[in-house]
$ cat model03.pdb   # PDB, C-alpha atoms and all ligand atoms
ATOM      1  CA  MET A   1     -32.800  41.962   4.349  1.00  0.00           C
ATOM      2  CA  SER A   2     -31.035  43.965   1.707  1.00  0.00           C
ATOM      3  CA  ASP A   3     -27.694  45.660   2.370  1.00  0.00           C
ATOM      4  CA  ASP A   4     -27.552  49.258   1.058  1.00  0.00           C
ATOM      5  CA  ARG A   5     -23.806  48.989   0.677  1.00  0.00           C
ATOM      6  CA  THR A   6     -24.155  46.284  -1.961  1.00  0.00           C
ATOM      7  CA  ASP A   7     -23.058  47.472  -5.399  1.00  0.00           C
ATOM      8  CA  LYS A   8     -26.156  46.872  -7.494  1.00  0.00           C
ATOM      9  CA  THR A   9     -24.155  47.231 -10.710  1.00  0.00           C
ATOM     10  CA  THR A  10     -22.044  44.130 -10.098  1.00  0.00           C
ATOM     11  CA  GLY A  11     -23.152  40.816 -11.400  1.00  0.00           C
ATOM     12  CA  PRO A  12     -22.166  38.127 -13.820  1.00  0.00           C
ATOM     13  CA  THR A  13     -20.091  39.452 -16.688  1.00  0.00           C
ATOM     14  CA  PRO A  14     -22.079  39.190 -19.888  1.00  0.00           C
ATOM     15  CA  THR A  15     -20.474  36.740 -22.281  1.00  0.00           C
ATOM     16  CA  THR A  16     -20.015  37.682 -25.889  1.00  0.00           C
ATOM     17  CA  GLY A  17     -19.907  35.095 -28.595  1.00  0.00           C
ATOM     18  CA  PRO A  18     -17.464  35.074 -31.489  1.00  0.00           C
ATOM     19  CA  SER A  19     -18.011  37.959 -33.839  1.00  0.00           C
ATOM     20  CA  ILE A  20     -17.957  37.452 -37.561  1.00  0.00           C
ATOM     21  CA  LEU A  21     -16.100  40.772 -37.764  1.00  0.00           C
ATOM     22  CA  GLY A  22     -13.147  39.429 -35.708  1.00  0.00           C
ATOM     23  CA  PRO A  23     -11.224  37.785 -38.575  1.00  0.00           C
ATOM     24  CA  ALA A  24     -11.900  40.776 -40.832  1.00  0.00           C
ATOM     25  CA  ALA A  25     -10.450  43.115 -38.191  1.00  0.00           C
ATOM     26  CA  GLY A  26      -7.313  40.954 -38.006  1.00  0.00           C
ATOM     27  CA  PHE A  27      -6.842  41.018 -41.761  1.00  0.00           C
ATOM     28  CA  GLY A  28      -7.373  44.773 -41.616  1.00  0.00           C
ATOM     29  CA  VAL A  29      -4.189  45.124 -39.545  1.00  0.00           C
ATOM     30  CA  THR A  30      -2.281  43.060 -42.116  1.00  0.00           C
ATOM     31  CA  PHE A  31      -3.737  45.059 -44.970  1.00  0.00           C
ATOM     32  CA  LYS A  32      -2.732  48.387 -43.407  1.00  0.00           C
ATOM     33  CA  ALA A  33       0.838  47.120 -42.791  1.00  0.00           C
ATOM     34  CA  MET A  34       1.212  46.417 -46.534  1.00  0.00           C
ATOM     35  CA  PHE A  35       1.280  50.142 -47.225  1.00  0.00           C
ATOM     36  CA  LYS A  36       3.682  51.142 -44.465  1.00  0.00           C
ATOM     37  CA  LYS A  37       7.369  51.882 -45.100  1.00  0.00           C
ATOM     38  CA  ARG A  38       9.412  48.666 -44.901  1.00  0.00           C
ATOM     39  CA  LEU A  39      12.001  48.515 -42.126  1.00  0.00           C
ATOM     40  CA  THR A  40      13.811  45.404 -43.340  1.00  0.00           C
ATOM     41  CA  GLU A  41      17.619  45.723 -43.195  1.00  0.00           C
ATOM     42  CA  GLN A  42      19.652  44.039 -45.933  1.00  0.00           C
ATOM     43  CA  TYR A  43      22.129  42.779 -43.347  1.00  0.00           C
ATOM     44  CA  PRO A  44      24.897  41.593 -43.692  1.00  0.00           C
ATOM     45  CA  GLU A  45      25.183  42.653 -47.349  1.00  0.00           C
ATOM     46  CA  TYR A  46      24.492  46.236 -46.301  1.00  0.00           C
ATOM     47  CA  ARG A  47      25.689  47.447 -42.893  1.00  0.00           C
ATOM     48  CA  LYS A  48      23.778  50.491 -41.821  1.00  0.00           C
ATOM     49  CA  PRO A  49      26.143  53.098 -40.303  1.00  0.00           C
ATOM     50  CA  THR A  50      25.590  53.652 -36.604  1.00  0.00           C
ATOM     51  CA  ALA A  51      25.086  56.982 -34.874  1.00  0.00           C
ATOM     52  CA  PRO A  52      28.468  58.591 -34.107  1.00  0.00           C
ATOM     53  CA  ARG A  53      28.085  58.070 -30.354  1.00  0.00           C
ATOM     54  CA  PHE A  54      26.733  54.508 -30.628  1.00  0.00           C
ATOM     55  CA  HIS A  55      28.011  52.292 -27.788  1.00  0.00           C
ATOM     56  CA  GLY A  56      29.746  49.298 -29.309  1.00  0.00           C
ATOM     57  CA  ARG A  57      32.756  47.127 -28.596  1.00  0.00           C
ATOM     58  CA  HIS A  58      35.268  48.587 -26.122  1.00  0.00           C
ATOM     59  CA  GLN A  59      38.789  49.748 -26.818  1.00  0.00           C
ATOM     60  CA  LEU A  60      41.795  50.197 -24.507  1.00  0.00           C
ATOM     61  CA  ASN A  61      43.729  53.277 -25.575  1.00  0.00           C
ATOM     62  CA  ARG A  62      47.404  54.216 -25.663  1.00  0.00           C
ATOM     63  CA  HIS A  63      49.408  57.382 -25.163  1.00  0.00           C
ATOM     64  CA  PRO A  64      51.032  58.848 -28.316  1.00  0.00           C
ATOM     65  CA  ASP A  65      54.262  56.933 -27.673  1.00  0.00           C
ATOM     66  CA  GLY A  66      52.463  53.588 -27.339  1.00  0.00           C
ATOM     67  CA  LEU A  67      52.384  53.255 -23.534  1.00  0.00           C
ATOM     68  CA  GLU A  68      48.990  52.095 -22.244  1.00  0.00           C
ATOM     69  CA  LYS A  69      46.581  54.506 -20.559  1.00  0.00           C
ATOM     70  CA  CYS A  70      45.093  51.828 -18.283  1.00  0.00           C
ATOM     71  CA  VAL A  71      46.455  51.974 -14.740  1.00  0.00           C
ATOM     72  CA  GLY A  72      44.715  48.820 -13.543  1.00  0.00           C
ATOM     73  CA  CYS A  73      42.585  50.679 -10.963  1.00  0.00           C
ATOM     74  CA  GLU A  74      39.510  48.434 -11.513  1.00  0.00           C
ATOM     75  CA  LEU A  75      37.072  51.368 -11.319  1.00  0.00           C
ATOM     76  CA  CYS A  76      35.488  50.213 -14.583  1.00  0.00           C
ATOM     77  CA  ALA A  77      34.915  46.758 -13.131  1.00  0.00           C
ATOM     78  CA  TRP A  78      33.318  48.199  -9.980  1.00  0.00           C
ATOM     79  CA  ALA A  79      31.054  50.447 -12.045  1.00  0.00           C
ATOM     80  CA  CYS A  80      29.798  47.646 -14.264  1.00  0.00           C
ATOM     81  CA  PRO A  81      26.238  46.593 -13.351  1.00  0.00           C
ATOM     82  CA  ALA A  82      26.594  43.314 -15.230  1.00  0.00           C
ATOM     83  CA  ASP A  83      29.879  42.220 -13.635  1.00  0.00           C
ATOM     84  CA  ALA A  84      31.301  41.874 -17.131  1.00  0.00           C
ATOM     85  CA  ILE A  85      34.803  43.276 -16.559  1.00  0.00           C
ATOM     86  CA  TYR A  86      37.743  41.526 -14.933  1.00  0.00           C
ATOM     87  CA  VAL A  87      40.928  43.498 -14.213  1.00  0.00           C
ATOM     88  CA  GLU A  88      44.153  42.628 -12.485  1.00  0.00           C
ATOM     89  CA  GLY A  89      46.582  45.487 -11.942  1.00  0.00           C
ATOM     90  CA  ALA A  90      50.316  45.050 -11.505  1.00  0.00           C
ATOM     91  CA  ASP A  91      53.376  47.198 -10.785  1.00  0.00           C
ATOM     92  CA  ASN A  92      55.456  48.550 -13.652  1.00  0.00           C
ATOM     93  CA  ARG A  93      59.183  47.899 -13.568  1.00  0.00           C
ATOM     94  CA  ASP A  94      61.792  50.003 -15.369  1.00  0.00           C
ATOM     95  CA  GLU A  95      62.873  46.948 -17.350  1.00  0.00           C
ATOM     96  CA  GLU A  96      59.268  46.135 -18.319  1.00  0.00           C
ATOM     97  CA  ARG A  97      57.025  49.222 -18.434  1.00  0.00           C
ATOM     98  CA  TYR A  98      53.478  49.202 -19.847  1.00  0.00           C
ATOM     99  CA  SER A  99      52.150  52.577 -18.653  1.00  0.00           C
ATOM    100  CA  PRO A 100      53.755  55.844 -17.493  1.00  0.00           C
ATOM    101  CA  GLY A 101      52.793  55.558 -13.806  1.00  0.00           C
ATOM    102  CA  GLU A 102      53.210  53.065 -11.033  1.00  0.00           C
ATOM    103  CA  ARG A 103      50.576  50.519 -12.084  1.00  0.00           C
ATOM    104  CA  TYR A 104      49.142  49.082 -15.271  1.00  0.00           C
ATOM    105  CA  GLY A 105      46.414  46.659 -16.271  1.00  0.00           C
ATOM    106  CA  ALA A 106      48.157  43.280 -16.453  1.00  0.00           C
ATOM    107  CA  VAL A 107      44.971  41.319 -17.103  1.00  0.00           C
ATOM    108  CA  TYR A 108      41.928  42.885 -18.704  1.00  0.00           C
ATOM    109  CA  GLN A 109      38.856  40.985 -19.884  1.00  0.00           C
ATOM    110  CA  ILE A 110      35.339  41.962 -20.940  1.00  0.00           C
ATOM    111  CA  ASN A 111      32.688  39.275 -21.134  1.00  0.00           C
ATOM    112  CA  TYR A 112      30.340  40.165 -24.004  1.00  0.00           C
ATOM    113  CA  ALA A 113      27.921  37.433 -22.951  1.00  0.00           C
ATOM    114  CA  ARG A 114      27.175  39.725 -19.978  1.00  0.00           C
ATOM    115  CA  CYS A 115      27.864  43.244 -21.245  1.00  0.00           C
ATOM    116  CA  ILE A 116      24.779  45.344 -21.985  1.00  0.00           C
ATOM    117  CA  LEU A 117      26.825  48.138 -23.627  1.00  0.00           C
ATOM    118  CA  CYS A 118      25.533  50.707 -21.125  1.00  0.00           C
ATOM    119  CA  GLY A 119      28.775  52.725 -21.047  1.00  0.00           C
ATOM    120  CA  LEU A 120      29.014  53.106 -17.256  1.00  0.00           C
ATOM    121  CA  CYS A 121      32.525  51.646 -17.328  1.00  0.00           C
ATOM    122  CA  ILE A 122      33.865  54.298 -19.687  1.00  0.00           C
ATOM    123  CA  GLU A 123      32.323  57.017 -17.520  1.00  0.00           C
ATOM    124  CA  ALA A 124      34.132  55.575 -14.493  1.00  0.00           C
ATOM    125  CA  CYS A 125      37.562  55.365 -16.131  1.00  0.00           C
ATOM    126  CA  PRO A 126      39.766  58.183 -14.744  1.00  0.00           C
ATOM    127  CA  THR A 127      42.341  58.101 -17.552  1.00  0.00           C
ATOM    128  CA  ARG A 128      40.150  57.714 -20.669  1.00  0.00           C
ATOM    129  CA  ALA A 129      41.920  54.404 -21.138  1.00  0.00           C
ATOM    130  CA  LEU A 130      38.602  52.743 -21.850  1.00  0.00           C
ATOM    131  CA  THR A 131      36.306  54.009 -24.596  1.00  0.00           C
ATOM    132  CA  MET A 132      33.736  52.406 -26.868  1.00  0.00           C
ATOM    133  CA  THR A 133      33.821  51.998 -30.625  1.00  0.00           C
ATOM    134  CA  ASN A 134      30.891  51.769 -33.055  1.00  0.00           C
ATOM    135  CA  GLU A 135      31.514  48.066 -33.712  1.00  0.00           C
ATOM    136  CA  TYR A 136      28.413  46.000 -32.931  1.00  0.00           C
ATOM    137  CA  GLU A 137      29.058  42.602 -34.529  1.00  0.00           C
ATOM    138  CA  LEU A 138      29.715  40.774 -31.273  1.00  0.00           C
ATOM    139  CA  ALA A 139      27.573  37.643 -31.646  1.00  0.00           C
ATOM    140  CA  ASP A 140      29.227  34.252 -31.313  1.00  0.00           C
ATOM    141  CA  ASP A 141      28.224  30.676 -30.556  1.00  0.00           C
ATOM    142  CA  SER A 142      30.940  30.129 -27.957  1.00  0.00           C
ATOM    143  CA  ARG A 143      30.926  31.646 -24.467  1.00  0.00           C
ATOM    144  CA  ALA A 144      34.713  31.500 -24.315  1.00  0.00           C
ATOM    145  CA  ASP A 145      35.040  33.468 -27.543  1.00  0.00           C
ATOM    146  CA  LEU A 146      32.799  36.195 -26.115  1.00  0.00           C
ATOM    147  CA  ILE A 147      35.350  36.959 -23.406  1.00  0.00           C
ATOM    148  CA  PHE A 148      37.663  39.499 -25.013  1.00  0.00           C
ATOM    149  CA  THR A 149      41.175  39.700 -23.615  1.00  0.00           C
ATOM    150  CA  LYS A 150      43.457  42.687 -23.229  1.00  0.00           C
ATOM    151  CA  GLU A 151      45.274  41.753 -26.416  1.00  0.00           C
ATOM    152  CA  GLN A 152      41.986  41.915 -28.330  1.00  0.00           C
ATOM    153  CA  LEU A 153      40.823  45.164 -26.704  1.00  0.00           C
ATOM    154  CA  LEU A 154      44.088  47.109 -26.853  1.00  0.00           C
ATOM    155  CA  VAL A 155      44.118  49.540 -29.773  1.00  0.00           C
ATOM    156  CA  GLY A 156      46.694  48.976 -32.496  1.00  0.00           C
ATOM    157  CA  LEU A 157      49.801  51.072 -32.993  1.00  0.00           C
ATOM    158  CA  SER A 158      49.593  54.407 -34.785  1.00  0.00           C
ATOM    159  CA  GLU A 159      52.445  56.355 -36.318  1.00  0.00           C
ATOM    160  CA  GLY A 160      55.034  57.367 -33.706  1.00  0.00           C
ATOM    161  CA  MET A 161      54.123  54.555 -31.282  1.00  0.00           C
ATOM    162  CA  VAL A 162      56.269  51.657 -30.077  1.00  0.00           C
ATOM    163  CA  ASP A 163      54.558  48.564 -28.690  1.00  0.00           C
ATOM    164  CA  THR A 164      54.683  47.948 -24.923  1.00  0.00           C
ATOM    165  CA  PRO A 165      56.616  47.336 -22.825  1.00  0.00           C
ATOM    166  CA  HIS A 166      59.062  50.187 -23.321  1.00  0.00           C
ATOM    167  CA  ALA A 167      60.775  52.962 -21.344  1.00  0.00           C
ATOM    168  CA  ILE A 168      59.028  56.174 -20.346  1.00  0.00           C
ATOM    169  CA  TYR A 169      59.817  59.273 -22.434  1.00  0.00           C
ATOM    170  CA  PRO A 170      63.210  60.633 -21.246  1.00  0.00           C
ATOM    171  CA  GLY A 171      62.787  63.296 -18.561  1.00  0.00           C
ATOM    172  CA  ALA A 172      58.983  62.935 -18.503  1.00  0.00           C
ATOM    173  CA  ASP A 173      56.812  61.887 -15.601  1.00  0.00           C
ATOM    174  CA  GLU A 174      53.285  60.545 -15.415  1.00  0.00           C
ATOM    175  CA  GLY A 175      51.838  64.063 -15.339  1.00  0.00           C
ATOM    176  CA  ALA A 176      53.456  64.999 -18.641  1.00  0.00           C
ATOM    177  CA  TYR A 177      51.568  62.144 -20.297  1.00  0.00           C
ATOM    178  CA  TYR A 178      48.233  63.231 -18.882  1.00  0.00           C
ATOM    179  CA  ARG A 179      48.853  66.861 -19.843  1.00  0.00           C
ATOM    180  CA  GLY A 180      49.378  65.698 -23.433  1.00  0.00           C
ATOM    181  CA  GLU A 181      53.011  66.782 -23.574  1.00  0.00           C
ATOM    182  CA  ILE A 182      54.338  63.568 -25.126  1.00  0.00           C
ATOM    183  CA  PRO A 183      53.996  63.789 -28.913  1.00  0.00           C
ATOM    184  CA  ALA A 184      55.414  60.377 -29.875  1.00  0.00           C
ATOM    185  CA  ALA A 185      57.964  57.788 -28.815  1.00  0.00           C
ATOM    186  CA  ALA A 186      61.416  59.266 -28.244  1.00  0.00           C
ATOM    187  CA  PRO A 187      63.970  58.444 -30.946  1.00  0.00           C
ATOM    188  CA  GLY A 188      65.665  55.141 -30.183  1.00  0.00           C
ATOM    189  CA  THR A 189      62.785  53.754 -28.096  1.00  0.00           C
ATOM    190  CA  VAL A 190      62.680  49.961 -28.415  1.00  0.00           C
ATOM    191  CA  GLN A 191      60.285  47.356 -27.096  1.00  0.00           C
ATOM    192  CA  GLN A 192      61.458  45.625 -23.901  1.00  0.00           C
ATOM    193  CA  GLU A 193      61.213  41.919 -23.279  1.00  0.00           C
ATOM    194  CA  ARG A 194      57.673  40.941 -22.371  1.00  0.00           C
ATOM    195  CA  THR A 195      57.258  38.405 -19.577  1.00  0.00           C
ATOM    196  CA  VAL A 196      53.629  39.171 -18.637  1.00  0.00           C
ATOM    197  CA  ARG A 197      50.832  37.770 -20.777  1.00  0.00           C
ATOM    198  CA  ASP A 198      47.091  38.045 -20.488  1.00  0.00           C
ATOM    199  CA  LYS A 199      45.778  35.030 -18.586  1.00  0.00           C
ATOM    200  CA  GLU A 200      43.996  32.145 -20.224  1.00  0.00           C
ATOM    201  CA  VAL A 201      40.294  32.828 -20.843  1.00  0.00           C
ATOM    202  CA  GLN A 202      38.010  30.968 -18.446  1.00  0.00           C
ATOM    203  CA  PRO A 203      34.556  30.369 -19.958  1.00  0.00           C
TER     204      PRO A 203
HETATM  205  S1  LIG A 301      29.209  48.776 -21.108  1.00  0.00           S
HETATM  206 FE1  LIG A 301      28.062  48.518 -19.169  1.00  0.00          FE
HETATM  207  S2  LIG A 301      27.697  46.308 -19.011  1.00  0.00           S
HETATM  208 FE2  LIG A 301      29.297  46.580 -20.587  1.00  0.00          FE
HETATM  209  S3  LIG A 301      31.222  46.345 -19.483  1.00  0.00           S
HETATM  210 FE3  LIG A 301      30.741  48.550 -19.492  1.00  0.00          FE
HETATM  211  S4  LIG A 301      29.592  48.918 -17.577  1.00  0.00           S
HETATM  212 FE4  LIG A 301      29.616  46.698 -17.939  1.00  0.00          FE
HETATM  213  S1  LIG A 302      40.238  50.878 -18.004  1.00  0.00           S
HETATM  214 FE1  LIG A 302      40.280  52.761 -16.765  1.00  0.00          FE
HETATM  215  S2  LIG A 302      38.937  52.306 -14.995  1.00  0.00           S
HETATM  216 FE2  LIG A 302      39.447  50.350 -15.959  1.00  0.00          FE
HETATM  217  S3  LIG A 302      41.230  49.586 -14.824  1.00  0.00           S
HETATM  218 FE3  LIG A 302      41.995  50.724 -16.620  1.00  0.00          FE
HETATM  219  S4  LIG A 302      42.334  52.830 -15.873  1.00  0.00           S
HETATM  220 FE4  LIG A 302      41.023  51.823 -14.375  1.00  0.00          FE
END
$ encode --input "model03.pdb" --output "structure tokens"
Amino acid sequence: MSDDRTDKTTGPTPTTGPSILGPAAGFGVTFKAMFKKRLTEQYPEYRKPTAPRFHGRHQLNRHPDGLEKCVGCELCAWACPADAIYVEGADNRDEERYSPGERYGAVYQINYARCILCGLCIEACPTRALTMTNEYELADDSRADLIFTKEQLLVGLSEGMVDTPHAIYPGADEGAYYRGEIPAAAPGTVQQERTVRDKEVQP
């Protein structure tokens, strides 16, 4: 007895043998590609400039007198979807001051074997201490070398800056720094003795 619900169109799939046009079609793709614009980059002899807002290697920024903007709050580490950031905050002391406020980033590491350069960490940073540069040459053959320490990430000194640790600008408080009222290090500012170092890199 036949079943009316049976789909009469189903059945064995017809097999098709090899077509003699198959190889010609493949070569056709190759032939067409010969006339397309070449995209080959002459790297590393020629380094193509990136877009201005390209997300590359990170940078830890300073205030105009050289004190560090990072307050060791770890918000960047919590925001990171790849768990690539490690931060340890510590208290400033008057005899060894790294940032204007109460806390600073004593240990700061970014693991570029994990980082996907998404930029969520710089969005999370409340002090603009963390930004990203256009630098993209981050490949290495050692996992340990891909973990950048605070010393590697901290921006260099510009004119008017004194390296940390050093005293806060005379008469200024933390707010004056964030309102941009500190133009440069006060005359006579000297670097204090440094007893805190970034921890050894653990691969
Ligand atoms: S760019 Fe993205 S992946 Fe890289 S450290 Fe920042 S949040 Fe993490
Ligand atoms: S870089 Fe910014 S978010 Fe990260 S610990 Fe420092 S202040 Fe906080």
$ closest_residue --input "model03.pdb" --among "A:Phe31, A:Phe148, A:Tyr43, A:Tyr98" --to "ligand LIG 301 (chain A)" --atoms "only C-alpha atoms and all ligand atoms"
A:Phe148
$ atom_distance --input "model03.pdb" --atom1 "CA of Glu96 (chain A)" --atom2 "CA of Gln192 (chain A)"
6.0 Å
$ atom_distance --input "model03.pdb" --atom1 "CA of Asp65 (chain A)" --atom2 "CA of Cys121 (chain A)"
24.6 Å
$ residues_near_ligand --input "model03.pdb" --ligand "ligand LIG 302 (chain A)" --cutoff "12 Å" --atoms "all atoms listed in the file" --output "ChimeraX atom specification"
/A:58-62,68-80,84-90,99-110,119-132,150,153-154
$ axis_aligned_box --input "model03.pdb" --around "ligand LIG 301 (chain A)" --padding-each-side "8 Å" --output "AutoDock Vina command-line options"
--center_x 29.5 --center_y 47.6 --center_z -19.3 --size_x 19.5 --size_y 18.6 --size_z 19.5
$ residues_around --input "model03.pdb" --residues "Arg97 (chain A)" --least-positions-apart "4" --cutoff "6 Å" --atoms "all atoms listed in the file" --output "ChimeraX atom specification"
/A:92-93,165-166
$ atom_distance --input "model03.pdb" --atom1 "CA of Phe35 (chain A)" --atom2 "CA of Ile20 (chain A)"
25.0 Å
